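Q: This is the content of query30.cif (mmCIF, C-alpha atoms and all ligand atoms):
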```cif
data_run
#
loop_
_atom_site.label_atom_id
_atom_site.label_comp_id
_atom_site.auth_asym_id
_atom_site.auth_seq_id
_atom_site.Cartn_x
_atom_site.Cartn_y
_atom_site.Cartn_z
CA MET A 1 21.51 -7.43 9.03
CA SER A 2 23.89 -9.27 6.81
CA HIS A 3 27.13 -9.62 8.75
CA ASP A 4 29.51 -9.72 5.84
CA HIS A 5 29.05 -6.35 4.13
CA ASP A 6 31.59 -3.73 4.94
CA HIS A 7 30.45 -0.18 4.20
CA ASP A 8 32.68 2.83 3.96
CA HIS A 9 31.31 6.34 4.33
CA ASP A 10 30.65 7.03 0.69
CA HIS A 11 30.08 3.86 -1.23
CA ASP A 12 29.05 0.31 -0.76
CA HIS A 13 32.03 -1.83 -1.79
CA ASP A 14 29.83 -4.23 -3.76
CA HIS A 15 27.47 -1.84 -5.53
CA ASP A 16 27.48 1.48 -7.24
CA SER A 17 25.15 2.95 -4.63
CA PRO A 18 25.63 5.87 -2.26
CA SER A 19 26.20 5.18 1.40
CA ILE A 20 23.18 5.53 3.65
CA SER A 21 24.78 8.53 5.31
CA ARG A 22 25.03 10.29 1.97
CA LEU A 23 21.47 9.26 1.05
CA LEU A 24 20.20 10.75 4.32
CA GLU A 25 22.13 14.02 4.23
CA GLY A 26 19.73 16.73 5.44
CA SER A 27 17.12 14.17 6.52
CA PRO A 28 15.34 15.21 9.75
CA LYS A 29 16.50 14.00 13.17
CA ASN A 30 14.84 14.06 16.57
CA TRP A 31 18.08 13.76 18.52
CA GLY A 32 17.85 15.76 21.73
CA LYS A 33 14.11 16.43 21.29
CA TRP A 34 13.27 14.38 24.39
CA GLY A 35 16.46 15.18 26.28
CA PRO A 36 20.04 13.94 26.19
CA ASP A 37 19.23 10.63 27.92
CA ASP A 38 16.24 9.53 25.85
CA GLU A 39 16.06 5.88 24.79
CA VAL A 40 12.46 5.49 23.53
CA GLY A 41 12.27 8.17 20.84
CA SER A 42 8.92 8.62 19.15
CA LEU A 43 7.16 6.54 21.79
CA ASN A 44 7.23 9.85 23.68
CA TYR A 45 4.35 10.88 21.41
CA LEU A 46 2.19 8.32 23.22
CA THR A 47 1.29 10.59 26.12
CA PRO A 48 -1.42 9.73 28.66
CA SER A 49 -3.95 11.83 26.76
CA VAL A 50 -3.09 10.07 23.48
CA VAL A 51 -3.48 6.69 25.22
CA ALA A 52 -6.79 7.67 26.82
CA ALA A 53 -8.13 8.85 23.45
CA ALA A 54 -6.94 5.60 21.81
CA ALA A 55 -8.97 3.58 24.29
CA GLY A 56 -12.02 5.23 22.72
CA SER A 57 -11.46 3.23 19.55
CA ILE A 58 -12.55 0.02 21.31
CA ARG A 59 -16.04 -0.96 20.13
CA SER A 60 -16.78 -4.68 20.45
CA GLY A 61 -14.00 -5.87 22.76
CA LYS A 62 -12.73 -8.44 20.22
CA THR A 63 -9.04 -9.21 20.82
CA PHE A 64 -6.22 -10.37 18.53
CA THR A 65 -2.65 -11.41 19.35
CA LEU A 66 0.00 -10.54 16.80
CA GLN A 67 3.01 -12.73 17.62
CA VAL A 68 3.88 -15.59 15.31
CA LYS A 69 4.37 -18.91 17.08
CA MET A 70 7.89 -19.20 18.47
CA ALA A 71 10.10 -22.32 18.51
CA ASN A 72 7.55 -23.73 16.09
CA PRO A 73 8.54 -27.18 14.78
CA GLU A 74 7.28 -25.93 11.37
CA GLY A 75 9.97 -23.24 11.49
CA ASP A 76 10.16 -19.60 12.54
CA PRO A 77 10.40 -16.86 9.90
CA VAL A 78 13.79 -15.17 10.35
CA TRP A 79 16.14 -12.93 8.41
CA PRO A 80 18.60 -14.94 6.28
CA GLY A 81 21.60 -15.84 8.44
CA ARG A 82 19.56 -16.04 11.63
CA SER A 83 17.90 -19.18 12.93
CA GLY A 84 14.66 -19.82 14.71
CA ALA A 85 14.30 -20.35 18.44
CA VAL A 86 15.24 -23.76 19.84
CA ARG A 87 13.33 -24.99 22.89
CA ILE A 88 14.64 -27.99 24.79
CA ASN A 89 13.06 -29.96 27.60
CA VAL A 90 15.37 -30.46 30.56
CA MET A 91 12.80 -32.21 32.75
CA ASP A 92 9.66 -34.16 31.97
CA GLU A 93 7.98 -37.46 32.81
CA GLY A 94 10.66 -39.27 30.81
CA HIS A 95 13.23 -38.15 33.39
CA PHE A 96 11.08 -39.53 36.20
CA ILE A 97 10.59 -42.84 34.33
CA ALA A 98 14.37 -43.06 33.95
CA GLY A 99 14.88 -42.33 37.66
CA LYS A 100 16.45 -38.92 36.87
CA GLY A 101 13.59 -36.70 37.98
CA VAL A 102 13.89 -34.60 41.08
CA GLU A 103 11.42 -36.14 43.52
CA THR A 104 9.84 -33.79 46.01
CA ALA A 105 7.70 -34.33 49.10
CA GLY A 106 4.14 -35.04 48.01
CA GLY A 107 5.25 -36.66 44.75
CA ALA A 108 4.56 -33.84 42.27
CA HIS A 109 6.32 -34.23 38.92
CA TYR A 110 7.06 -31.33 36.58
CA ALA A 111 8.41 -30.32 33.21
CA ASP A 112 11.05 -27.62 32.61
CA ASP A 113 12.59 -26.31 29.43
CA TYR A 114 14.91 -23.62 28.15
CA MET A 115 15.18 -21.81 24.86
CA THR A 116 17.86 -20.15 22.78
CA CYS A 117 16.87 -17.57 20.23
CA PHE A 118 17.90 -14.60 18.19
CA LEU A 119 16.22 -11.66 19.87
CA GLN A 120 15.13 -10.58 16.39
CA GLY A 121 14.02 -14.15 15.62
CA SER A 122 10.30 -13.79 16.24
CA THR A 123 7.76 -11.00 16.34
CA GLN A 124 9.87 -8.34 18.02
CA TYR A 125 10.66 -4.76 18.83
CA ASP A 126 13.99 -3.49 17.59
CA ALA A 127 15.90 -1.46 20.17
CA LEU A 128 16.48 2.07 18.85
CA GLY A 129 20.20 1.28 18.97
CA HIS A 130 19.85 -1.82 16.77
CA VAL A 131 20.97 -0.19 13.50
CA TRP A 132 23.12 2.89 12.84
CA CYS A 133 25.55 4.57 10.48
CA ASP A 134 28.38 7.11 10.82
CA GLY A 135 29.39 5.95 14.28
CA GLN A 136 26.29 7.24 16.04
CA ILE A 137 23.10 5.52 17.11
CA TRP A 138 19.75 7.02 18.15
CA ASN A 139 19.97 10.38 19.94
CA GLY A 140 23.59 10.74 18.87
CA TYR A 141 24.99 8.18 21.28
CA ASP A 142 28.39 6.85 20.25
CA ALA A 143 28.14 3.55 18.37
CA LYS A 144 30.82 2.21 20.72
CA THR A 145 28.08 2.06 23.37
CA THR A 146 26.83 -1.01 21.47
CA ILE A 147 29.98 -3.01 22.16
CA GLY A 148 29.20 -6.07 24.22
CA GLY A 149 25.54 -5.06 24.61
CA LEU A 150 23.59 -1.86 24.10
CA ALA A 151 24.55 0.43 26.99
CA LYS A 152 22.25 3.06 25.46
CA ALA A 153 18.91 2.74 23.62
CA SER A 154 18.52 -0.95 24.32
CA VAL A 155 15.17 -2.66 24.06
CA CYS A 156 14.85 -2.58 27.84
CA ALA A 157 13.84 1.09 27.73
CA ILE A 158 11.01 0.33 25.28
CA ALA A 159 9.99 -2.63 27.44
CA GLU A 160 9.86 -0.54 30.58
CA LYS A 161 7.72 2.11 28.90
CA GLY A 162 5.35 -0.22 27.05
CA VAL A 163 3.54 0.77 23.87
CA VAL A 164 -0.13 1.74 23.94
CA GLY A 165 -1.88 3.81 21.32
CA ARG A 166 -4.38 3.89 18.49
CA GLY A 167 -3.49 1.35 15.84
CA ILE A 168 -4.64 1.45 12.24
CA LEU A 169 -4.40 -1.57 9.96
CA LEU A 170 -3.29 -0.74 6.43
CA ASP A 171 -3.99 -3.88 4.43
CA MET A 172 -1.76 -3.20 1.43
CA ALA A 173 -2.14 -6.73 0.08
CA ARG A 174 -5.94 -6.50 -0.01
CA PHE A 175 -5.75 -2.93 -1.31
CA ARG A 176 -3.72 -4.20 -4.27
CA GLY A 177 -6.03 -7.17 -4.77
CA LYS A 178 -3.41 -9.76 -3.80
CA ASP A 179 -2.95 -12.45 -1.17
CA VAL A 180 0.63 -11.34 -0.81
CA LEU A 181 2.66 -8.53 -2.32
CA ASP A 182 5.33 -9.50 -4.82
CA VAL A 183 9.01 -9.95 -4.14
CA GLY A 184 10.45 -6.44 -3.86
CA GLU A 185 7.09 -4.69 -4.33
CA THR A 186 7.20 -1.20 -2.88
CA PHE A 187 4.74 1.35 -1.59
CA THR A 188 4.89 4.84 -0.18
CA HIS A 189 3.06 6.94 2.40
CA HIS A 190 0.73 8.05 -0.40
CA ASP A 191 -0.23 4.41 -0.92
CA LEU A 192 -0.80 3.98 2.81
CA GLN A 193 -3.14 6.97 2.79
CA ALA A 194 -4.99 5.70 -0.30
CA CYS A 195 -5.28 2.28 1.34
CA ALA A 196 -6.73 3.84 4.50
CA ALA A 197 -9.23 5.84 2.46
CA THR A 198 -10.39 2.70 0.63
CA GLN A 199 -10.90 1.10 4.02
CA GLY A 200 -13.01 4.09 5.15
CA ALA A 201 -10.34 5.20 7.65
CA THR A 202 -7.86 8.05 7.99
CA ILE A 203 -4.32 7.95 9.32
CA GLU A 204 -4.17 10.40 12.22
CA PRO A 205 -1.09 11.90 13.91
CA HIS A 206 0.38 9.54 16.55
CA ASP A 207 -1.22 6.45 14.99
CA ILE A 208 0.65 3.16 15.21
CA LEU A 209 0.75 1.86 11.64
CA LEU A 210 0.12 -1.87 11.18
CA ILE A 211 1.02 -2.60 7.56
CA ARG A 212 0.00 -5.94 6.07
CA THR A 213 1.72 -7.32 3.00
CA GLY A 214 0.79 -11.01 3.37
CA TRP A 215 4.52 -11.87 3.44
CA ILE A 216 4.65 -13.75 6.75
CA GLY A 217 1.51 -15.67 5.76
CA LYS A 218 3.44 -16.75 2.65
CA PHE A 219 6.21 -18.19 4.87
CA TYR A 220 3.78 -20.82 6.15
CA LYS A 221 2.37 -21.63 2.68
CA VAL A 222 5.41 -22.14 0.46
CA SER A 223 8.62 -24.15 0.70
CA ARG A 224 11.56 -22.56 2.51
CA ASP A 225 13.45 -22.53 -0.81
CA ASP A 226 10.63 -20.55 -2.42
CA PHE A 227 10.47 -18.14 0.49
CA TYR A 228 14.19 -17.45 0.74
CA SER A 229 15.26 -17.60 -2.91
CA ASP A 230 15.41 -14.13 -4.44
CA PHE A 231 14.83 -12.73 -0.96
CA VAL A 232 13.73 -9.14 -1.38
CA GLU A 233 10.88 -8.36 0.96
CA PRO A 234 8.11 -6.01 -0.12
CA GLY A 235 7.66 -2.82 1.86
CA LEU A 236 7.90 0.90 2.27
CA THR A 237 10.58 2.54 0.20
CA HIS A 238 12.71 5.52 1.08
CA SER A 239 12.16 9.06 -0.12
CA ARG A 240 12.83 12.32 1.66
CA GLU A 241 9.13 13.12 1.30
CA LEU A 242 8.18 9.90 3.08
CA VAL A 243 10.56 10.65 5.95
CA ASP A 244 9.12 14.16 6.24
CA TRP A 245 5.61 12.70 6.34
CA PHE A 246 6.52 10.37 9.22
CA GLN A 247 8.02 13.33 11.02
CA ALA A 248 5.01 15.59 10.41
CA MET A 249 2.58 12.82 11.46
CA GLU A 250 4.64 12.05 14.57
CA ILE A 251 4.28 8.32 13.97
CA PRO A 252 5.54 6.41 17.04
CA ASN A 253 5.71 2.85 15.73
CA ILE A 254 5.41 0.80 12.55
CA VAL A 255 4.33 -2.83 12.76
CA THR A 256 4.63 -5.04 9.68
CA ASP A 257 4.22 -8.65 8.65
CA THR A 258 7.68 -8.65 7.10
CA ILE A 259 11.01 -9.48 8.68
CA ALA A 260 12.55 -6.04 8.30
CA ASN A 261 9.74 -3.48 7.94
CA GLU A 262 10.82 -2.01 4.59
CA VAL A 263 11.72 -3.17 1.10
CA THR A 264 15.01 -5.04 1.51
CA VAL A 265 16.86 -3.11 -1.19
CA ASP A 266 15.73 0.40 -1.95
CA PRO A 267 15.27 0.27 -5.75
CA VAL A 268 16.21 3.94 -6.21
CA SER A 269 19.43 4.20 -4.18
CA GLY A 270 20.37 0.50 -4.06
CA CYS A 271 20.91 0.82 -0.29
CA VAL A 272 19.85 -2.02 1.99
CA LEU A 273 17.25 -1.03 4.60
CA PRO A 274 17.79 2.76 4.58
CA LEU A 275 14.59 3.40 6.55
CA HIS A 276 16.09 1.66 9.58
CA ASN A 277 18.39 4.68 9.73
CA ALA A 278 16.04 7.36 8.40
CA LEU A 279 13.13 6.45 10.67
CA MET A 280 14.52 4.49 13.63
CA ARG A 281 18.01 5.94 14.16
CA ASN A 282 17.16 9.49 13.13
CA LEU A 283 13.53 10.02 14.14
CA GLY A 284 13.25 7.41 16.90
CA VAL A 285 10.34 5.57 15.24
CA THR A 286 10.12 2.11 16.84
CA LEU A 287 10.02 -0.89 14.53
CA THR A 288 7.98 -4.04 15.16
CA GLU A 289 8.66 -6.87 12.75
CA ILE A 290 7.35 -10.33 11.85
CA ALA A 291 3.84 -9.53 13.10
CA TRP A 292 0.97 -11.91 12.42
CA LEU A 293 -1.66 -9.70 10.79
CA ASP A 294 -3.71 -12.12 8.68
CA ASP A 295 -6.39 -12.91 11.28
CA LEU A 296 -6.77 -9.27 12.24
CA ALA A 297 -6.98 -8.30 8.57
CA ALA A 298 -9.70 -10.86 7.85
CA ASP A 299 -11.72 -9.51 10.74
CA CYS A 300 -11.24 -5.89 9.66
CA ALA A 301 -12.40 -6.78 6.15
CA ASP A 302 -15.43 -8.43 7.71
CA ASP A 303 -16.54 -5.71 10.12
CA GLY A 304 -15.02 -2.66 8.41
CA GLN A 305 -13.30 -1.49 11.61
CA TYR A 306 -9.65 -0.72 10.85
CA THR A 307 -8.75 1.31 13.95
CA PHE A 308 -8.37 -0.07 17.47
CA LEU A 309 -6.36 -0.02 20.67
CA TYR A 310 -2.86 -1.50 20.26
CA VAL A 311 -0.93 -2.68 23.33
CA ALA A 312 2.55 -4.21 23.37
CA ALA A 313 5.50 -4.62 25.70
CA PRO A 314 8.62 -6.48 24.57
CA LEU A 315 10.58 -8.46 27.15
CA LYS A 316 12.91 -6.50 29.45
CA ILE A 317 16.18 -7.84 28.07
CA VAL A 318 18.95 -5.78 29.67
CA ASN A 319 21.25 -4.33 26.96
CA GLY A 320 19.24 -6.22 24.30
CA THR A 321 19.18 -5.22 20.63
CA GLY A 322 15.56 -6.34 20.43
CA ALA A 323 13.09 -8.57 22.18
CA PRO A 324 10.20 -10.85 21.36
CA VAL A 325 6.72 -9.47 21.88
CA ASN A 326 3.14 -10.61 21.58
CA PRO A 327 1.17 -7.42 20.84
CA VAL A 328 -2.55 -7.34 21.54
CA VAL A 329 -5.15 -5.50 19.49
CA ILE A 330 -8.52 -4.69 21.06
CA LYS A 331 -11.28 -3.69 18.66
C1 LIG B 401 17.65 -6.63 10.22
O1 LIG B 401 18.50 -6.36 11.06
C2 LIG B 401 17.92 -7.15 8.89
O2 LIG B 401 16.40 -6.51 10.43
P1 LIG B 401 15.70 -6.44 11.79
O3 LIG B 401 15.41 -5.04 12.00
O4 LIG B 401 14.59 -7.34 11.53
O5 LIG B 401 16.55 -7.02 12.87
#
```
Before we go any further, please render this structure as structure tokens.
A:
Amino acid sequence: MSHDHDHDHDHDHDHDSPSISRLLEGSPKNWGKWGPDDEVGSLNYLTPSVVAAAAGSIRSGKTFTLQVKMANPEGDPVWPGRSGAVRINVMDEGHFIAGKGVETAGGAHYADDYMTCFLQGSTQYDALGHVWCDGQIWNGYDAKTTIGGLAKASVCAIAEKGVVGRGILLDMARFRGKDVLDVGETFTHHDLQACAATQGATIEPHDILLIRTGWIGKFYKVSRDDFYSDFVEPGLTHSRELVDWFQAMEIPNIVTDTIANEVTVDPVSGCVLPLHNALMRNLGVTLTEIAWLDDLAADCADDGQYTFLYVAAPLKIVNGTGAPVNPVVIK
């Protein structure tokens, strides 16, 4: 999130837009649905029977990994204001040549490194407590529980559960006949359903939605100036009807090849990222961002199979607001 915008309860100071809390008045919430201590929200829909049924969507055994490369010298796609992971060698053959290596009996040499990163700086799961409004995070926990680290609804809970279910790829870029959706281009749940139908598939309750826009592919094809100037990502756009559809479909997880899962600025309300609150904070839908979907999409277009088993477990970062993940799809 941008760190320099200060919102009051009714209006954004910079724009003539309603606050997110006003926009979401009356919007459904799943707080308490899975008990007062819940930290994984809609992942509760992924019961053993749902997982066992999802395994039935495996046909050929082809596998795909969905993380973008991390600490990539070409750059990591990150939200403006964040920076990519930095990996540094602290031991390698150079240290041994310089007489600074740690010699051990038997003469083995080794390389070690460490890395610093934004936990939202690669393909990642957001903790349910990552974004909030009105002083309350997921399940109604006090926003003060975020101070110094997420004491409630951190990514660790998602990591300990793991995410396994039926995934469905919704290739919105291909559906609209484009390599990549335009800056700020929006779509709705109706478009997702039409896209699925064109692909010969149907979105079922409890499906994990993998939505491809081509946006992360664009990061690797254009200059950084091109990518970040006029930065309004394409994506889902808020409406009450869309939120009700997610609720009725009991969607546990959305996975997109964008940095923040939804159109950056909702063109109707002017709010920035309202679905983070409507879906994640209120319904407990988990968000997976910066996914690499281009190879999977090419294969789906080739073999016509758009549903599969999806498996992911972010790292168990205690009190973390998010964590890197390398999801696996098995077709
Ligand atoms: C922002 O916080 C902007 O997005 P994300 O959910 O990717 O961290």
Q: Leaving out range 210-214 of chain A and any residue of its chain fewer than 4 positions from it, which residues lie within 7 Å of it when counting all atoms listed in the file, given as a CSV table (one decimal) with C-alpha atoms, keeping the file's coordinate frame?
A:
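Final file, selection11.csv:
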```csv
chain,number,residue,atom,x,y,z
A,167,GLY,CA,-3.5,1.4,15.8
A,168,ILE,CA,-4.6,1.4,12.2
A,169,LEU,CA,-4.4,-1.6,10.0
A,170,LEU,CA,-3.3,-0.7,6.4
A,171,ASP,CA,-4.0,-3.9,4.4
A,172,MET,CA,-1.8,-3.2,1.4
A,173,ALA,CA,-2.1,-6.7,0.1
A,179,ASP,CA,-3.0,-12.4,-1.2
A,180,VAL,CA,0.6,-11.3,-0.8
A,181,LEU,CA,2.7,-8.5,-2.3
A,218,LYS,CA,3.4,-16.8,2.6
A,254,ILE,CA,5.4,0.8,12.6
A,255,VAL,CA,4.3,-2.8,12.8
A,256,THR,CA,4.6,-5.0,9.7
A,257,ASP,CA,4.2,-8.6,8.6
A,293,LEU,CA,-1.7,-9.7,10.8
```
Q: Output the neighbourhood of ligand LIG 401 (chain B) as a count of residues only, that is, all protein and nucleic acid residues with some atom at most 8 Å from the ligand, counting all atoms listed in the file.
A: 18
Q: Rounded to one decimal, what separation in Å do you get between CA of Tyr306 in chain A and CA of Gly200 in chain A?
A: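 Straight-line distance from CA of Tyr306 in chain A to CA of Gly200 in chain A works out to 8.2 Å.
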Q: If you take all atoms listed in the file and a cut-off of 12 Å, which residues of range 214-326 of chain A touch range 39-61 of chain A, and what are their nearest atom pairs and distances in Å to one decimal, in chain and number order, as a Markdown table?
A:
```
| residue | atom | partner | partner_atom | distance |
| --- | --- | --- | --- | --- |
| A:Phe246 | CA | A:Ser42 | CA | 10.4 |
| A:Gln247 | CA | A:Ser42 | CA | 9.4 |
| A:Ala248 | CA | A:Ser42 | CA | 11.8 |
| A:Met249 | CA | A:Tyr45 | CA | 10.3 |
| A:Glu250 | CA | A:Tyr45 | CA | 6.9 |
| A:Ile251 | CA | A:Ser42 | CA | 7.0 |
| A:Pro252 | CA | A:Ser42 | CA | 4.6 |
| A:Asn253 | CA | A:Leu43 | CA | 7.2 |
| A:Ile254 | CA | A:Ser42 | CA | 10.8 |
| A:Leu279 | CA | A:Ser42 | CA | 9.7 |
| A:Met280 | CA | A:Gly41 | CA | 8.4 |
| A:Arg281 | CA | A:Gly41 | CA | 9.1 |
| A:Asn282 | CA | A:Gly41 | CA | 9.2 |
| A:Leu283 | CA | A:Ser42 | CA | 7.0 |
| A:Gly284 | CA | A:Gly41 | CA | 4.1 |
| A:Val285 | CA | A:Ser42 | CA | 5.2 |
| A:Thr286 | CA | A:Ser42 | CA | 7.0 |
| A:Leu287 | CA | A:Ser42 | CA | 10.6 |
| A:Asp299 | CA | A:Ser60 | CA | 12.0 |
| A:Asp303 | CA | A:Ser60 | CA | 10.4 |
| A:Gly304 | CA | A:Arg59 | CA | 11.9 |
| A:Gln305 | CA | A:Arg59 | CA | 9.0 |
| A:Tyr306 | CA | A:Ser57 | CA | 9.7 |
| A:Thr307 | CA | A:Ser57 | CA | 6.5 |
| A:Phe308 | CA | A:Ser57 | CA | 5.0 |
| A:Leu309 | CA | A:Ala55 | CA | 5.7 |
| A:Tyr310 | CA | A:Ala54 | CA | 8.3 |
| A:Val311 | CA | A:Val51 | CA | 9.9 |
| A:Ala312 | CA | A:Leu43 | CA | 11.8 |
| A:Ala313 | CA | A:Leu43 | CA | 11.9 |
| A:Asn319 | CA | A:Glu39 | CA | 11.7 |
```
Q: Using CA of Pro28 in chain A and CA of Glu160 in chain A as the two end points, give the distance in Å to one decimal.
A: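 We find that CA of Pro28 in chain A and CA of Glu160 in chain A lie 26.7 Å from each other.
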Q: Which is closest to Phe118 in chain A among A:Gly235, A:Pro18, A:Gly94, A:Gly84, if we use only C-alpha atoms?
A: A:Gly84
Q: Nearest to Asn277 in chain A among A:Tyr220, A:Trp245, A:Trp138, A:Phe231, with distances taken over only C-alpha atoms: which residue is it?
A: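 For Asn277 in chain A, the nearest of the given residues is A:Trp138.
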Q: Which is closer to Ile137 in chain A than all the others in A:Leu209, A:Ala278, A:Leu119, A:Val268, using only C-alpha atoms?
A: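 Of A:Leu209, A:Ala278, A:Leu119, A:Val268, the one nearest Ile137 in chain A is A:Ala278, counting only C-alpha atoms.
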Q: Please list as a count of residues only every residue within 7 Å of Thr321 in chain A, counting all atoms listed in the file and excluding residues in the same chain fewer than 5 positions away.
A: 7
Q: Between CA of Val86 in chain A and CA of Ala71 in chain A, measure the distance and give it in Å to one decimal.
A: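 Here the two named atoms are 5.5 Å from each other.
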Q: To box range 304-318 of chain A, take all atoms listed in the file, fit an axis-aligned box, add 8 Å on each side, and give centre and edge lengths in Å to one decimal, as lines of an AutoDock Vina configuration file.
A:
```
center_x = 2.0
center_y = -3.6
center_z = 19.0
size_x = 50.0
size_y = 25.8
size_z = 37.3
```
Q: Let me make sure I understand: among A:Gln67, A:Phe175, A:Lys331, A:Ala297, which one has the smallest atom-to-atom distance to Ala196 in chain A if we use all atoms listed in the file?
A: A:Phe175
Q: I'd like the contact shell of Tyr228 in chain A - 12 Å cut-off, all atoms listed in the file, skipping same-chain residues fewer than 3 positions apart - returned as an NGL selection string.
A: :A and (77-81 or 183 or 215-216 or 218-219 or 222-225 or 231-233 or 259)
Q: Considering only C-alpha atoms, state which residue in the set A:Leu128, A:Leu192, A:Ile330, A:Gly107 is at the smallest distance from Ala143 in chain A.
A: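 Among the listed residues, A:Leu128 lies closest to Ala143 in chain A.
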Q: Restore N, CA, C and O atoms in range 154-167 of chain A and list the result as a PDB file, keeping the file's coordinate frame.
A:
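File written: rebuild.pdb
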```
ATOM      1  N   SER A 154      18.810   0.478  24.455  1.00  0.00           N
ATOM      2  CA  SER A 154      18.520  -0.950  24.320  1.00  0.00           C
ATOM      3  C   SER A 154      17.014  -1.154  24.347  1.00  0.00           C
ATOM      4  O   SER A 154      16.249  -0.226  24.640  1.00  0.00           O
ATOM      5  N   VAL A 155      16.606  -2.373  24.096  1.00  0.00           N
ATOM      6  CA  VAL A 155      15.170  -2.660  24.060  1.00  0.00           C
ATOM      7  C   VAL A 155      14.541  -2.553  25.447  1.00  0.00           C
ATOM      8  O   VAL A 155      13.331  -2.407  25.588  1.00  0.00           O
ATOM      9  N   CYS A 156      15.376  -2.609  26.472  1.00  0.00           N
ATOM     10  CA  CYS A 156      14.850  -2.580  27.840  1.00  0.00           C
ATOM     11  C   CYS A 156      14.060  -1.284  28.098  1.00  0.00           C
ATOM     12  O   CYS A 156      13.040  -1.293  28.799  1.00  0.00           O
ATOM     13  N   ALA A 157      14.530  -0.193  27.522  1.00  0.00           N
ATOM     14  CA  ALA A 157      13.840   1.090  27.730  1.00  0.00           C
ATOM     15  C   ALA A 157      12.441   1.044  27.121  1.00  0.00           C
ATOM     16  O   ALA A 157      11.470   1.534  27.717  1.00  0.00           O
ATOM     17  N   ILE A 158      12.326   0.462  25.928  1.00  0.00           N
ATOM     18  CA  ILE A 158      11.010   0.330  25.280  1.00  0.00           C
ATOM     19  C   ILE A 158      10.124  -0.589  26.122  1.00  0.00           C
ATOM     20  O   ILE A 158       8.940  -0.340  26.336  1.00  0.00           O
ATOM     21  N   ALA A 159      10.738  -1.658  26.634  1.00  0.00           N
ATOM     22  CA  ALA A 159       9.990  -2.630  27.440  1.00  0.00           C
ATOM     23  C   ALA A 159       9.469  -1.990  28.717  1.00  0.00           C
ATOM     24  O   ALA A 159       8.348  -2.263  29.154  1.00  0.00           O
ATOM     25  N   GLU A 160      10.293  -1.151  29.322  1.00  0.00           N
ATOM     26  CA  GLU A 160       9.860  -0.540  30.580  1.00  0.00           C
ATOM     27  C   GLU A 160       8.752   0.485  30.346  1.00  0.00           C
ATOM     28  O   GLU A 160       7.868   0.637  31.171  1.00  0.00           O
ATOM     29  N   LYS A 161       8.782   1.134  29.201  1.00  0.00           N
ATOM     30  CA  LYS A 161       7.720   2.110  28.900  1.00  0.00           C
ATOM     31  C   LYS A 161       6.435   1.399  28.496  1.00  0.00           C
ATOM     32  O   LYS A 161       5.358   1.736  28.949  1.00  0.00           O
ATOM     33  N   GLY A 162       6.555   0.396  27.620  1.00  0.00           N
ATOM     34  CA  GLY A 162       5.350  -0.220  27.050  1.00  0.00           C
ATOM     35  C   GLY A 162       4.813   0.654  25.926  1.00  0.00           C
ATOM     36  O   GLY A 162       5.120   1.851  25.846  1.00  0.00           O
ATOM     37  N   VAL A 163       4.040   0.051  25.042  1.00  0.00           N
ATOM     38  CA  VAL A 163       3.540   0.770  23.870  1.00  0.00           C
ATOM     39  C   VAL A 163       2.014   0.637  23.846  1.00  0.00           C
ATOM     40  O   VAL A 163       1.488  -0.475  23.701  1.00  0.00           O
ATOM     41  N   VAL A 164       1.329   1.742  24.001  1.00  0.00           N
ATOM     42  CA  VAL A 164      -0.130   1.740  23.940  1.00  0.00           C
ATOM     43  C   VAL A 164      -0.564   2.938  23.123  1.00  0.00           C
ATOM     44  O   VAL A 164      -0.127   4.070  23.389  1.00  0.00           O
ATOM     45  N   GLY A 165      -1.405   2.702  22.135  1.00  0.00           N
ATOM     46  CA  GLY A 165      -1.880   3.810  21.320  1.00  0.00           C
ATOM     47  C   GLY A 165      -2.956   3.341  20.367  1.00  0.00           C
ATOM     48  O   GLY A 165      -3.363   2.171  20.389  1.00  0.00           O
ATOM     49  N   ARG A 166      -3.406   4.285  19.508  1.00  0.00           N
ATOM     50  CA  ARG A 166      -4.380   3.890  18.490  1.00  0.00           C
ATOM     51  C   ARG A 166      -3.636   3.235  17.349  1.00  0.00           C
ATOM     52  O   ARG A 166      -2.678   3.803  16.811  1.00  0.00           O
ATOM     53  N   GLY A 167      -4.061   2.025  16.997  1.00  0.00           N
ATOM     54  CA  GLY A 167      -3.490   1.350  15.840  1.00  0.00           C
ATOM     55  C   GLY A 167      -4.425   1.481  14.657  1.00  0.00           C
ATOM     56  O   GLY A 167      -5.649   1.586  14.822  1.00  0.00           O
TER      57      GLY A 167
END
```
